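J.: Got start.cif for you, mmCIF, C-alpha atoms:
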data_model
#
loop_
_atom_site.group_PDB
_atom_site.id
_atom_site.type_symbol
_atom_site.label_atom_id
_atom_site.label_comp_id
_atom_site.auth_asym_id
_atom_site.auth_seq_id
_atom_site.Cartn_x
_atom_site.Cartn_y
_atom_site.Cartn_z
ATOM 1 C CA MET A 1 -12.702 -125.943 127.775
ATOM 2 C CA LYS A 2 -12.350 -124.474 124.290
ATOM 3 C CA ALA A 3 -9.709 -125.984 122.030
ATOM 4 C CA ILE A 4 -8.767 -125.961 118.352
ATOM 5 C CA CYS A 5 -9.622 -129.215 116.592
ATOM 6 C CA GLN A 6 -9.459 -130.447 113.004
ATOM 7 C CA SER A 7 -12.164 -131.979 110.850
ATOM 8 C CA GLN A 8 -9.430 -133.666 108.773
ATOM 9 C CA GLN A 9 -5.839 -133.085 107.709
ATOM 10 C CA GLY A 10 -5.407 -130.266 105.220
ATOM 11 C CA GLY A 11 -5.693 -126.498 104.947
ATOM 12 C CA VAL A 12 -6.711 -123.839 107.433
ATOM 13 C CA GLU A 13 -10.378 -124.482 106.666
ATOM 14 C CA THR A 14 -10.106 -127.743 108.633
ATOM 15 C CA LEU A 15 -9.526 -125.900 111.937
ATOM 16 C CA PHE A 16 -12.410 -125.072 114.271
ATOM 17 C CA VAL A 17 -13.143 -124.324 117.926
ATOM 18 C CA LYS A 18 -14.646 -127.172 119.929
ATOM 19 C CA GLN A 19 -15.561 -127.841 123.552
ATOM 20 C CA LEU A 20 -13.375 -130.587 125.035
ATOM 21 C CA ARG A 21 -13.064 -132.054 128.504
ATOM 22 C CA ARG A 22 -10.483 -130.227 130.589
ATOM 23 C CA PRO A 23 -7.399 -132.468 131.000
ATOM 24 C CA VAL A 24 -6.299 -133.803 134.389
ATOM 25 C CA PRO A 25 -2.576 -133.744 135.224
ATOM 26 C CA LYS A 26 -0.871 -137.078 135.737
ATOM 27 C CA ALA A 27 2.030 -137.688 138.094
ATOM 28 C CA GLY A 28 4.823 -135.238 137.379
ATOM 29 C CA GLU A 29 2.539 -132.879 135.418
ATOM 30 C CA VAL A 30 0.910 -129.507 136.023
ATOM 31 C CA LEU A 31 -2.334 -128.146 134.583
ATOM 32 C CA ILE A 32 -1.765 -124.728 133.015
ATOM 33 C CA ARG A 33 -4.559 -122.229 132.386
ATOM 34 C CA VAL A 34 -3.345 -120.858 129.072
ATOM 35 C CA SER A 35 -2.689 -117.166 128.556
ATOM 36 C CA HIS A 36 -1.011 -117.396 125.140
ATOM 37 C CA ALA A 37 0.101 -120.182 122.797
ATOM 38 C CA GLY A 38 3.019 -119.890 120.395
ATOM 39 C CA ILE A 39 2.598 -120.804 116.718
ATOM 40 C CA ASN A 40 5.361 -122.810 115.048
ATOM 41 C CA ARG A 41 6.142 -124.383 111.687
ATOM 42 C CA PRO A 42 5.535 -127.925 113.028
ATOM 43 C CA ASP A 43 1.934 -126.862 113.739
ATOM 44 C CA ILE A 44 1.466 -126.190 110.031
ATOM 45 C CA LEU A 45 3.018 -129.516 109.092
ATOM 46 C CA GLN A 46 0.887 -131.388 111.635
ATOM 47 C CA ARG A 47 -2.253 -129.698 110.315
ATOM 48 C CA GLU A 48 -1.302 -130.859 106.816
ATOM 49 C CA GLY A 49 -0.629 -134.420 107.971
ATOM 50 C CA LEU A 50 3.132 -134.209 107.431
ATOM 51 C CA TYR A 51 4.223 -134.216 111.094
ATOM 52 C CA ARG A 52 2.149 -136.654 113.103
ATOM 53 C CA ALA A 53 1.934 -136.516 116.869
ATOM 54 C CA SER A 54 2.934 -139.678 118.709
ATOM 55 C CA ALA A 55 0.205 -141.723 120.386
ATOM 56 C CA SER A 56 1.208 -140.403 123.817
ATOM 57 C CA HIS A 57 0.875 -136.746 122.769
ATOM 58 C CA SER A 58 -2.229 -134.605 122.544
ATOM 59 C CA PRO A 59 -3.729 -134.490 119.021
ATOM 60 C CA VAL A 60 -4.555 -130.808 119.627
ATOM 61 C CA LEU A 61 -2.055 -128.511 117.911
ATOM 62 C CA GLY A 62 0.429 -126.353 119.771
ATOM 63 C CA LEU A 63 3.860 -126.899 121.315
ATOM 64 C CA GLU A 64 4.355 -123.967 123.699
ATOM 65 C CA VAL A 65 2.341 -121.841 126.104
ATOM 66 C CA SER A 66 2.410 -119.248 128.818
ATOM 67 C CA GLY A 67 -0.130 -119.224 131.630
ATOM 68 C CA TRP A 68 -0.771 -120.010 135.277
ATOM 69 C CA VAL A 69 -0.458 -123.326 137.129
ATOM 70 C CA GLU A 70 -3.948 -124.253 138.386
ATOM 71 C CA ARG A 71 -3.588 -127.872 139.427
ATOM 72 C CA LEU A 72 -0.793 -130.273 140.311
ATOM 73 C CA GLY A 73 -0.307 -133.924 139.531
ATOM 74 C CA ALA A 74 1.172 -136.313 142.056
ATOM 75 C CA ASP A 75 4.818 -135.768 143.006
ATOM 76 C CA VAL A 76 4.822 -132.073 141.992
ATOM 77 C CA ASP A 77 6.020 -129.550 144.556
ATOM 78 C CA HIS A 78 3.195 -127.338 145.836
ATOM 79 C CA SER A 79 5.293 -124.205 145.258
ATOM 80 C CA TRP A 80 4.315 -124.397 141.561
ATOM 81 C CA LEU A 81 0.644 -123.734 142.284
ATOM 82 C CA GLY A 82 -0.484 -120.310 141.028
ATOM 83 C CA GLN A 83 2.857 -119.500 139.393
ATOM 84 C CA SER A 84 3.153 -117.659 136.070
ATOM 85 C CA VAL A 85 4.952 -120.067 133.755
ATOM 86 C CA CYS A 86 5.852 -120.871 130.186
ATOM 87 C CA ALA A 87 6.325 -124.406 128.946
ATOM 88 C CA LEU A 88 7.298 -126.714 126.122
ATOM 89 C CA CYS A 89 4.226 -128.875 125.488
ATOM 90 C CA ASP A 90 3.760 -132.336 124.028
ATOM 91 C CA GLY A 91 0.934 -130.882 121.930
ATOM 92 C CA GLY A 92 -2.310 -129.409 123.218
ATOM 93 C CA ALA A 93 -1.314 -125.730 123.477
ATOM 94 C CA TYR A 94 -4.147 -124.394 121.273
ATOM 95 C CA ALA A 95 -6.616 -124.649 124.150
ATOM 96 C CA GLU A 96 -7.731 -122.966 127.347
ATOM 97 C CA TYR A 97 -5.970 -125.605 129.471
ATOM 98 C CA VAL A 98 -3.060 -127.960 128.862
ATOM 99 C CA CYS A 99 -1.160 -130.515 130.954
ATOM 100 C CA VAL A 100 2.623 -130.350 130.795
ATOM 101 C CA ALA A 101 5.442 -132.264 132.472
ATOM 102 C CA VAL A 102 6.752 -129.979 135.210
ATOM 103 C CA SER A 103 10.274 -130.784 134.004
ATOM 104 C CA GLN A 104 9.477 -128.804 130.815
ATOM 105 C CA VAL A 105 8.218 -125.697 132.610
ATOM 106 C CA LEU A 106 9.996 -122.385 133.215
ATOM 107 C CA PHE A 107 8.914 -119.401 135.298
ATOM 108 C CA VAL A 108 7.971 -116.426 133.119
ATOM 109 C CA PRO A 109 11.035 -114.145 133.048
ATOM 110 C CA LYS A 110 10.420 -110.734 134.618
ATOM 111 C CA SER A 111 11.675 -109.122 131.406
ATOM 112 C CA MET A 112 8.909 -110.706 129.283
ATOM 113 C CA SER A 113 5.181 -110.293 128.788
ATOM 114 C CA MET A 114 2.973 -113.378 128.762
ATOM 115 C CA ALA A 115 2.811 -113.141 124.963
ATOM 116 C CA GLN A 116 6.606 -113.110 124.693
ATOM 117 C CA ALA A 117 6.943 -115.963 127.180
ATOM 118 C CA ALA A 118 4.590 -118.138 125.101
ATOM 119 C CA ALA A 119 6.814 -117.602 122.063
ATOM 120 C CA LEU A 120 10.001 -118.607 123.878
ATOM 121 C CA PRO A 121 10.132 -122.344 124.792
ATOM 122 C CA GLU A 122 10.069 -124.116 121.401
ATOM 123 C CA ALA A 123 12.713 -121.870 119.844
ATOM 124 C CA LEU A 124 14.839 -121.702 122.984
ATOM 125 C CA PHE A 125 14.857 -125.462 123.660
ATOM 126 C CA THR A 126 15.641 -126.158 119.977
ATOM 127 C CA SER A 127 18.380 -123.525 119.791
ATOM 128 C CA TRP A 128 19.953 -124.520 123.089
ATOM 129 C CA PHE A 129 20.157 -128.203 122.248
ATOM 130 C CA ASN A 130 21.563 -127.665 118.768
ATOM 131 C CA LEU A 131 23.917 -124.752 119.371
ATOM 132 C CA ILE A 132 25.127 -125.522 122.882
ATOM 133 C CA ASP A 133 24.543 -129.184 123.774
ATOM 134 C CA ASN A 134 24.986 -130.678 120.300
ATOM 135 C CA ALA A 135 27.457 -128.358 118.563
ATOM 136 C CA SER A 136 29.333 -126.944 121.593
ATOM 137 C CA LEU A 137 29.358 -123.467 120.048
ATOM 138 C CA LYS A 138 32.481 -121.555 121.074
ATOM 139 C CA GLU A 139 33.308 -117.896 121.391
ATOM 140 C CA GLY A 140 34.503 -116.379 118.137
ATOM 141 C CA GLU A 141 33.150 -119.109 115.870
ATOM 142 C CA ARG A 142 31.413 -118.129 112.626
ATOM 143 C CA VAL A 143 27.787 -119.247 112.593
ATOM 144 C CA LEU A 144 25.348 -119.221 109.669
ATOM 145 C CA ILE A 145 21.623 -119.015 110.460
ATOM 146 C CA HIS A 146 19.141 -119.116 107.604
ATOM 147 C CA GLY A 147 15.839 -117.280 107.926
ATOM 148 C CA ALA A 148 17.158 -115.559 111.038
ATOM 149 C CA ALA A 149 14.251 -113.099 111.216
ATOM 150 C CA GLY A 150 11.827 -115.959 111.901
ATOM 151 C CA GLY A 151 10.608 -117.481 115.144
ATOM 152 C CA LEU A 152 13.420 -119.985 115.608
ATOM 153 C CA GLY A 153 16.036 -117.968 113.779
ATOM 154 C CA HIS A 154 15.873 -114.789 115.841
ATOM 155 C CA ILE A 155 16.255 -116.759 119.085
ATOM 156 C CA ALA A 156 19.121 -118.841 117.678
ATOM 157 C CA LEU A 157 20.779 -115.613 116.553
ATOM 158 C CA GLN A 158 20.616 -114.095 120.027
ATOM 159 C CA LEU A 159 21.742 -117.290 121.746
ATOM 160 C CA SER A 160 24.759 -117.412 119.425
ATOM 161 C CA LEU A 161 25.635 -113.826 120.329
ATOM 162 C CA TRP A 162 25.253 -114.662 124.025
ATOM 163 C CA ARG A 163 27.816 -117.409 123.457
ATOM 164 C CA GLY A 164 30.200 -114.907 121.856
ATOM 165 C CA ALA A 165 29.914 -116.187 118.286
ATOM 166 C CA ARG A 166 30.096 -114.159 115.062
ATOM 167 C CA VAL A 167 26.815 -114.550 113.203
ATOM 168 C CA VAL A 168 25.952 -114.555 109.504
ATOM 169 C CA VAL A 169 22.247 -114.407 108.694
ATOM 170 C CA THR A 170 20.170 -114.779 105.558
ATOM 171 C CA ALA A 171 16.716 -113.373 104.889
ATOM 172 C CA GLY A 172 14.584 -112.464 101.889
ATOM 173 C CA SER A 173 13.932 -108.756 102.438
ATOM 174 C CA GLU A 174 15.758 -105.649 103.542
ATOM 175 C CA ALA A 175 13.296 -105.199 106.415
ATOM 176 C CA LYS A 176 14.128 -108.662 107.768
ATOM 177 C CA LEU A 177 17.859 -108.064 107.366
ATOM 178 C CA ALA A 178 17.527 -104.766 109.241
ATOM 179 C CA PHE A 179 15.655 -106.610 111.996
ATOM 180 C CA CYS A 180 18.521 -109.107 112.315
ATOM 181 C CA LYS A 181 21.118 -106.334 112.287
ATOM 182 C CA GLY A 182 19.202 -104.645 115.093
ATOM 183 C CA LEU A 183 19.503 -107.840 117.130
ATOM 184 C CA GLY A 184 23.275 -107.835 116.616
ATOM 185 C CA ALA A 185 23.980 -109.971 113.529
ATOM 186 C CA HIS A 186 27.444 -109.243 112.149
ATOM 187 C CA TRP A 187 26.708 -110.015 108.496
ATOM 188 C CA GLN A 188 23.377 -110.005 106.632
ATOM 189 C CA MET A 189 22.790 -111.580 103.205
ATOM 190 C CA ASN A 190 19.665 -111.179 101.053
ATOM 191 C CA TYR A 191 19.344 -114.647 99.509
ATOM 192 C CA LYS A 192 17.129 -113.259 96.734
ATOM 193 C CA GLU A 193 19.906 -110.962 95.522
ATOM 194 C CA GLU A 194 23.152 -112.786 96.280
ATOM 195 C CA ALA A 195 24.366 -116.376 96.264
ATOM 196 C CA LEU A 196 25.762 -117.904 99.439
ATOM 197 C CA LEU A 197 28.788 -119.306 97.589
ATOM 198 C CA ASP A 198 29.666 -115.743 96.515
ATOM 199 C CA TYR A 199 28.821 -113.965 99.752
ATOM 200 C CA VAL A 200 30.800 -116.017 102.268
ATOM 201 C CA PRO A 201 34.219 -115.867 100.516
ATOM 202 C CA LYS A 202 33.705 -112.145 99.895
ATOM 203 C CA HIS A 203 32.601 -111.040 103.370
ATOM 204 C CA ILE A 204 33.437 -113.610 106.053
ATOM 205 C CA PRO A 205 36.908 -113.656 107.646
ATOM 206 C CA GLY A 206 38.586 -116.926 106.779
ATOM 207 C CA LYS A 207 36.020 -117.433 103.995
ATOM 208 C CA GLN A 208 34.532 -120.409 105.808
ATOM 209 C CA LEU A 209 31.926 -121.250 108.464
ATOM 210 C CA ASP A 210 32.270 -123.178 111.715
ATOM 211 C CA LEU A 211 28.608 -123.937 112.417
ATOM 212 C CA ILE A 212 25.541 -123.942 110.153
ATOM 213 C CA LEU A 213 21.892 -124.241 111.201
ATOM 214 C CA ASP A 214 19.952 -125.360 108.141
ATOM 215 C CA TYR A 215 16.233 -125.961 107.687
ATOM 216 C CA ILE A 216 16.292 -125.205 103.953
ATOM 217 C CA GLY A 217 17.867 -128.387 102.609
ATOM 218 C CA GLY A 218 17.926 -128.986 98.869
ATOM 219 C CA ASP A 219 20.900 -127.503 97.011
ATOM 220 C CA TYR A 220 22.028 -125.662 100.131
ATOM 221 C CA ILE A 221 23.325 -128.872 101.710
ATOM 222 C CA GLN A 222 26.193 -129.182 99.233
ATOM 223 C CA GLN A 223 26.880 -125.446 99.452
ATOM 224 C CA HIS A 224 27.206 -125.753 103.207
ATOM 225 C CA ILE A 225 29.670 -128.619 102.898
ATOM 226 C CA ASN A 226 31.720 -126.579 100.430
ATOM 227 C CA LEU A 227 31.757 -123.510 102.720
ATOM 228 C CA ALA A 228 32.377 -125.355 105.988
ATOM 229 C CA ALA A 229 35.696 -125.058 107.788
ATOM 230 C CA ASP A 230 37.700 -127.990 109.104
ATOM 231 C CA LYS A 231 35.755 -129.769 111.865
ATOM 232 C CA ALA A 232 32.684 -127.635 111.199
ATOM 233 C CA ARG A 233 29.229 -128.753 112.327
ATOM 234 C CA ILE A 234 26.203 -128.686 110.025
ATOM 235 C CA ILE A 235 22.883 -129.282 111.778
ATOM 236 C CA GLN A 236 19.826 -130.107 109.695
ATOM 237 C CA LEU A 237 16.574 -128.909 111.261
ATOM 238 C CA GLY A 238 14.295 -129.125 108.221
ATOM 239 C CA PHE A 239 14.057 -129.420 104.453
ATOM 240 C CA GLN A 240 11.924 -126.635 102.983
ATOM 241 C CA GLN A 241 13.581 -127.187 99.588
ATOM 242 C CA GLY A 242 13.675 -130.982 99.765
ATOM 243 C CA ALA A 243 15.262 -133.797 101.750
ATOM 244 C CA GLN A 244 16.458 -135.962 98.860
ATOM 245 C CA VAL A 245 19.623 -134.602 97.263
ATOM 246 C CA GLU A 246 22.739 -135.871 95.508
ATOM 247 C CA LEU A 247 25.925 -134.989 97.409
ATOM 248 C CA ASN A 248 29.665 -135.122 96.867
ATOM 249 C CA LEU A 249 30.857 -136.120 100.317
ATOM 250 C CA MET A 250 34.588 -135.970 99.615
ATOM 251 C CA ARG A 251 34.921 -132.493 101.164
ATOM 252 C CA LEU A 252 32.913 -133.598 104.179
ATOM 253 C CA MET A 253 35.382 -136.428 104.721
ATOM 254 C CA LEU A 254 38.539 -134.399 104.103
ATOM 255 C CA LYS A 255 37.417 -131.522 106.346
ATOM 256 C CA ARG A 256 36.106 -133.916 109.038
ATOM 257 C CA ILE A 257 32.738 -132.166 109.044
ATOM 258 C CA CYS A 258 29.960 -133.358 111.324
ATOM 259 C CA LEU A 259 26.637 -133.412 109.435
ATOM 260 C CA THR A 260 23.783 -134.289 111.743
ATOM 261 C CA GLY A 261 20.054 -133.792 112.168
ATOM 262 C CA SER A 262 17.735 -132.918 114.989
ATOM 263 C CA THR A 263 14.059 -132.666 115.849
ATOM 264 C CA LEU A 264 12.637 -131.771 119.234
ATOM 265 C CA ARG A 265 9.114 -133.156 119.452
ATOM 266 C CA ILE A 266 9.954 -136.864 119.315
ATOM 267 C CA ARG A 267 12.513 -136.620 122.108
ATOM 268 C CA SER A 268 11.630 -138.299 125.383
ATOM 269 C CA ARG A 269 10.512 -136.352 128.416
ATOM 270 C CA SER A 270 13.800 -137.147 130.095
ATOM 271 C CA GLU A 271 15.732 -135.613 127.190
ATOM 272 C CA LYS A 272 13.545 -132.500 127.209
ATOM 273 C CA ALA A 273 13.989 -132.289 130.963
ATOM 274 C CA GLN A 274 17.772 -132.294 130.506
ATOM 275 C CA ILE A 275 17.545 -129.393 128.057
ATOM 276 C CA CYS A 276 15.247 -127.468 130.409
ATOM 277 C CA SER A 277 17.577 -128.078 133.334
ATOM 278 C CA ALA A 278 20.594 -126.853 131.350
ATOM 279 C CA ILE A 279 18.737 -123.668 130.381
ATOM 280 C CA LYS A 280 17.770 -123.011 134.006
ATOM 281 C CA LYS A 281 21.314 -123.602 135.206
ATOM 282 C CA ASN A 282 23.211 -121.663 132.553
ATOM 283 C CA LEU A 283 20.991 -119.056 130.907
ATOM 284 C CA LEU A 284 18.286 -117.806 133.253
ATOM 285 C CA ALA A 285 20.515 -115.151 134.824
ATOM 286 C CA ASP A 286 20.981 -113.672 131.334
ATOM 287 C CA ILE A 287 17.505 -114.394 129.921
ATOM 288 C CA HIS A 288 16.785 -110.654 129.851
ATOM 289 C CA LEU A 289 19.300 -110.452 127.005
ATOM 290 C CA ILE A 290 16.949 -112.510 124.802
ATOM 291 C CA ASN A 291 14.419 -110.274 123.052
ATOM 292 C CA VAL A 292 11.434 -112.371 121.976
ATOM 293 C CA HIS A 293 9.761 -110.390 119.224
ATOM 294 C CA VAL A 294 6.023 -111.018 118.922
ATOM 295 C CA ALA A 295 4.911 -109.801 115.507
ATOM 296 C CA GLU A 296 1.173 -110.255 116.054
ATOM 297 C CA GLN A 297 -1.375 -111.780 118.414
ATOM 298 C CA PHE A 298 -4.512 -113.585 117.225
ATOM 299 C CA ALA A 299 -7.617 -114.667 119.106
ATOM 300 C CA LEU A 300 -8.003 -118.431 119.497
ATOM 301 C CA ALA A 301 -10.936 -118.412 117.067
ATOM 302 C CA ASP A 302 -8.747 -116.668 114.475
ATOM 303 C CA VAL A 303 -6.223 -119.510 114.301
ATOM 304 C CA ALA A 304 -6.804 -119.927 110.541
ATOM 305 C CA ALA A 305 -5.697 -116.342 109.902
ATOM 306 C CA ALA A 306 -2.643 -116.913 112.093
ATOM 307 C CA HIS A 307 -1.634 -120.004 110.111
ATOM 308 C CA GLU A 308 -2.137 -118.155 106.840
ATOM 309 C CA LYS A 309 0.179 -115.386 108.017
ATOM 310 C CA MET A 310 2.828 -117.910 109.052
ATOM 311 C CA GLU A 311 2.627 -119.546 105.632
ATOM 312 C CA ARG A 312 3.116 -116.154 103.939
ATOM 313 C CA GLY A 313 6.106 -115.400 106.146
ATOM 314 C CA ASP A 314 5.648 -111.630 105.860
ATOM 315 C CA TYR A 315 6.712 -110.797 109.422
ATOM 316 C CA CYS A 316 9.647 -110.924 111.847
ATOM 317 C CA GLY A 317 9.752 -112.949 115.046
ATOM 318 C CA LYS A 318 6.840 -115.040 116.309
ATOM 319 C CA LEU A 319 3.047 -115.229 116.071
ATOM 320 C CA VAL A 320 0.949 -116.165 119.101
ATOM 321 C CA LEU A 321 -2.631 -116.991 119.966
ATOM 322 C CA LYS A 322 -4.150 -114.984 122.823
ATOM 323 C CA VAL A 323 -6.284 -117.550 124.635
#
Could you rewrite the structure in this file as structure tokens?
T.:
Amino acid sequence: MKAICQSQQGGVETLFVKQLRRPVPKAGEVLIRVSHAGINRPDILQREGLYRASASHSPVLGLEVSGWVERLGADVDHSWLGQSVCALCDGGAYAEYVCVAVSQVLFVPKSMSMAQAAALPEALFTSWFNLIDNASLKEGERVLIHGAAGGLGHIALQLSLWRGARVVVTAGSEAKLAFCKGLGAHWQMNYKEEALLDYVPKHIPGKQLDLILDYIGGDYIQQHINLAADKARIIQLGFQQGAQVELNLMRLMLKRICLTGSTLRIRSRSEKAQICSAIKKNLLADIHLINVHVAEQFALADVAAAHEKMERGDYCGKLVLKV
């Protein structure tokens, strides 16, 4: 099969197409013939050597796919064979075939194309765990989502609305803010033109926030603590502006704020299976309400161009490879 490999860690010039042996599914796994593969920020970090795959994961990039089940491992129900599916992968998605634990596989929703389905699992699993399982988001709560026009952000935004929350978003252009407003965001802030510490007291009822999804880090961490309501939850998903900061934690203590962190890839298969099961049980009947926006599709051989576009960030929604 064709797959994307790396000559070494570094820039997009290190990526190339190579013939590899087609994987064989182990017990509890299915072999998926890949239709599309989603592109995510961790792929960029892994390419650069900043987000290493564990020894048990495929070294091939890619964390989500859509496609068709072609082969079953032991202990997998035969009803999966031939089904159109999308899946959260333990690496290996940038290829013509990938093996995935069946407990991390979803049927492709009737409301979605194969391209949309490939762009769903990583963002949906991450958003579900952090908003629902971890933070117990409640109806009417005020949620802040940074970069809400992006791949993760626009799914987290819609999941928050599904839960009945009131959503504040930030983005760096009027086009991205309009995109978020079109998805239903209640408040939209251009972070290049207005400061968060000014915007929230001016526009948000109660002048405070109940839940904050943050992958910016840096100076924003203290701002979030200052703007958080009593018993608010702040969930750290990344640190684009730095992970090492000096904080005054007195307000965190007095307001009984929960400041926690989360990453999806290193979680065990059993933990990912629990998230998948919760999504199937609670969300699938309403999955048509989630609009996965695919900004552009790239051929597998054009993966370098796809990564360059992700690094520029000049788009809304997700990028995918058409395998």
J.: Might you spell out which residues the PyMOL selection byres ((chain A and resi 278) around 12) would select in the displayed file, as a PyMOL selection string?
T.: chain A and resi 103-104+106+124-125+128-129+132-133+271-277+279-284
J.: Could you work out how far CA of His307 in chain A lies from CA of Glu13 in chain A, giving the answer in Å with one decimal?
T.: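 CA of Glu13 in chain A sits 10.4 Å away from CA of His307 in chain A.
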J.: Once you add 4 Å to each side, what are the centre and edge lengths of the axis-aligned box holding all listed atoms of range 223-233 of chain A? One decimal in Å, as JSON, if you can.
T.:
{"center_x": 32.3, "center_y": -126.6, "center_z": 105.9, "size_x": 18.8, "size_y": 14.3, "size_z": 20.9}
J.: Enter the distance from CA of Arg163 in chain A to CA of Gly38 in chain A, in Å, rounded to one decimal.
T.: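 Between CA of Arg163 in chain A and CA of Gly38 in chain A the gap is 25.1 Å.
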J.: Compile the contact shell of Ala115 in chain A as a ChimeraX atom specification: residues with an atom at most 7 Å away, counting only C-alpha atoms, same-chain residues fewer than 3 positions apart removed.
T.: /A:36,118-119,320
J.: Going by the chain IDs and residue numbers used in this file, which residues fall under the PyMOL selection byres ((chain A and resi 26) around 9)? Write them as JSON, numbers by chain.
T.: {"A": [24, 25, 27, 28, 29, 30, 72, 73, 74, 99, 101]}
J.: Do you know which residues the PyMOL selection byres ((chain A and resi 142) around 9) returns on this file, as a list in words?
T.: Glu139, Gly140, Glu141, Val143, Leu144, Ala165, Arg166, Val167, Val168, Ile204, Pro205, Gln208, Leu209, Asp210, Leu211 and Ile212 of chain A
J.: Counting only C-alpha atoms, what are the residues of range 192-302 of chain A within 10 Å of range 14-21 of chain A, and for each of them which pair of atoms is the nearest and at what distance in Å, to one decimal? Sort the table by chain and rising number, as JSON lines.
T.:
{"residue": "A:Leu300", "atom": "CA", "partner": "A:Val17", "partner_atom": "CA", "distance": 8.0}
{"residue": "A:Ala301", "atom": "CA", "partner": "A:Val17", "partner_atom": "CA", "distance": 6.4}
{"residue": "A:Asp302", "atom": "CA", "partner": "A:Phe16", "partner_atom": "CA", "distance": 9.2}
J.: Would you put the residues from that selection into a file with C-alpha atoms, as a tab-separated table (two decimals), in the frame of the given file?
T.:
chain	number	residue	atom	x	y	z
A	300	LEU	CA	-8.00	-118.43	119.50
A	301	ALA	CA	-10.94	-118.41	117.07
A	302	ASP	CA	-8.75	-116.67	114.48
J.: Could you check the closest approach to Leu196 in chain A for each of A:Val303, A:Ala3, A:Ile145, A:Ile234 and tell me which residue wins, using only C-alpha atoms?
T.: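 Nearest to Leu196 in chain A: A:Ile145.
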J.: What does the distance between CA of Ala171 in chain A and CA of Gly150 in chain A come to in Å, to one decimal place?
T.: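 Taking CA of Ala171 in chain A as the start and CA of Gly150 in chain A as the end point, the length is 8.9 Å.
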J.: From the options A:Ile290, A:Val323, A:Ile235, A:Ile4, which residue's atoms come nearest to Ala135 in chain A, counting only C-alpha atoms?
T.: A:Ile235
J.: Mind listing whatever residues come within 12 Å of the point (1.3, -139.3, 123.5)? Use all atoms listed in the file, file coordinates, and give them as a compact mmCIF listing (two decimals) with C-alpha atoms, in the frame of the given file.
T.:
# COMPACT_ATOMS: atom_id res chain seq x y z
CA ARG A 52 2.15 -136.65 113.10
CA ALA A 53 1.93 -136.52 116.87
CA SER A 54 2.93 -139.68 118.71
CA ALA A 55 0.20 -141.72 120.39
CA SER A 56 1.21 -140.40 123.82
CA HIS A 57 0.88 -136.75 122.77
CA SER A 58 -2.23 -134.60 122.54
CA PRO A 59 -3.73 -134.49 119.02
CA VAL A 60 -4.56 -130.81 119.63
CA CYS A 89 4.23 -128.88 125.49
CA ASP A 90 3.76 -132.34 124.03
CA GLY A 91 0.93 -130.88 121.93
CA GLY A 92 -2.31 -129.41 123.22
CA CYS A 99 -1.16 -130.51 130.95
CA VAL A 100 2.62 -130.35 130.79
CA ARG A 265 9.11 -133.16 119.45
CA ILE A 266 9.95 -136.86 119.32
CA ARG A 267 12.51 -136.62 122.11
CA SER A 268 11.63 -138.30 125.38
CA ARG A 269 10.51 -136.35 128.42
J.: Quick one: of A:Arg41, A:Lys231, A:Lys207, A:Arg47, who's nearest to Val12 in chain A, counting all atoms listed in the file?
T.: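 For Val12 in chain A, the nearest of the given residues is A:Arg47.
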J.: Would you fill the gaps in range 138-148 of chain A so it has N, CA and C atoms, then print it as a PDB file, in the frame of the given file?
T.:
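This went into rebuild-v8.pdb:
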ATOM      1  N   LYS A 138      31.416-122.221 120.322  1.00  0.00           N
ATOM      2  CA  LYS A 138      32.481-121.555 121.074  1.00  0.00           C
ATOM      3  C   LYS A 138      32.564-120.082 120.706  1.00  0.00           C
ATOM      4  N   GLU A 139      33.112-119.326 121.619  1.00  0.00           N
ATOM      5  CA  GLU A 139      33.308-117.896 121.391  1.00  0.00           C
ATOM      6  C   GLU A 139      34.168-117.671 120.152  1.00  0.00           C
ATOM      7  N   GLY A 140      33.744-116.739 119.324  1.00  0.00           N
ATOM      8  CA  GLY A 140      34.503-116.379 118.137  1.00  0.00           C
ATOM      9  C   GLY A 140      34.210-117.198 116.902  1.00  0.00           C
ATOM     10  N   GLU A 141      33.452-118.289 117.040  1.00  0.00           N
ATOM     11  CA  GLU A 141      33.150-119.109 115.870  1.00  0.00           C
ATOM     12  C   GLU A 141      32.176-118.385 114.938  1.00  0.00           C
ATOM     13  N   ARG A 142      32.263-118.734 113.658  1.00  0.00           N
ATOM     14  CA  ARG A 142      31.413-118.129 112.626  1.00  0.00           C
ATOM     15  C   ARG A 142      30.209-119.035 112.392  1.00  0.00           C
ATOM     16  N   VAL A 143      29.029-118.477 112.655  1.00  0.00           N
ATOM     17  CA  VAL A 143      27.787-119.247 112.593  1.00  0.00           C
ATOM     18  C   VAL A 143      26.896-118.706 111.480  1.00  0.00           C
ATOM     19  N   LEU A 144      26.325-119.601 110.694  1.00  0.00           N
ATOM     20  CA  LEU A 144      25.348-119.221 109.669  1.00  0.00           C
ATOM     21  C   LEU A 144      23.964-119.666 110.112  1.00  0.00           C
ATOM     22  N   ILE A 145      23.014-118.712 110.110  1.00  0.00           N
ATOM     23  CA  ILE A 145      21.623-119.015 110.460  1.00  0.00           C
ATOM     24  C   ILE A 145      20.728-118.540 109.324  1.00  0.00           C
ATOM     25  N   HIS A 146      20.069-119.471 108.678  1.00  0.00           N
ATOM     26  CA  HIS A 146      19.141-119.116 107.604  1.00  0.00           C
ATOM     27  C   HIS A 146      17.812-118.646 108.193  1.00  0.00           C
ATOM     28  N   GLY A 147      17.146-117.747 107.477  1.00  0.00           N
ATOM     29  CA  GLY A 147      15.839-117.280 107.926  1.00  0.00           C
ATOM     30  C   GLY A 147      15.878-116.742 109.339  1.00  0.00           C
ATOM     31  N   ALA A 148      16.910-115.957 109.651  1.00  0.00           N
ATOM     32  CA  ALA A 148      17.158-115.559 111.038  1.00  0.00           C
ATOM     33  C   ALA A 148      16.155-114.546 111.574  1.00  0.00           C
TER      34      ALA A 148
END
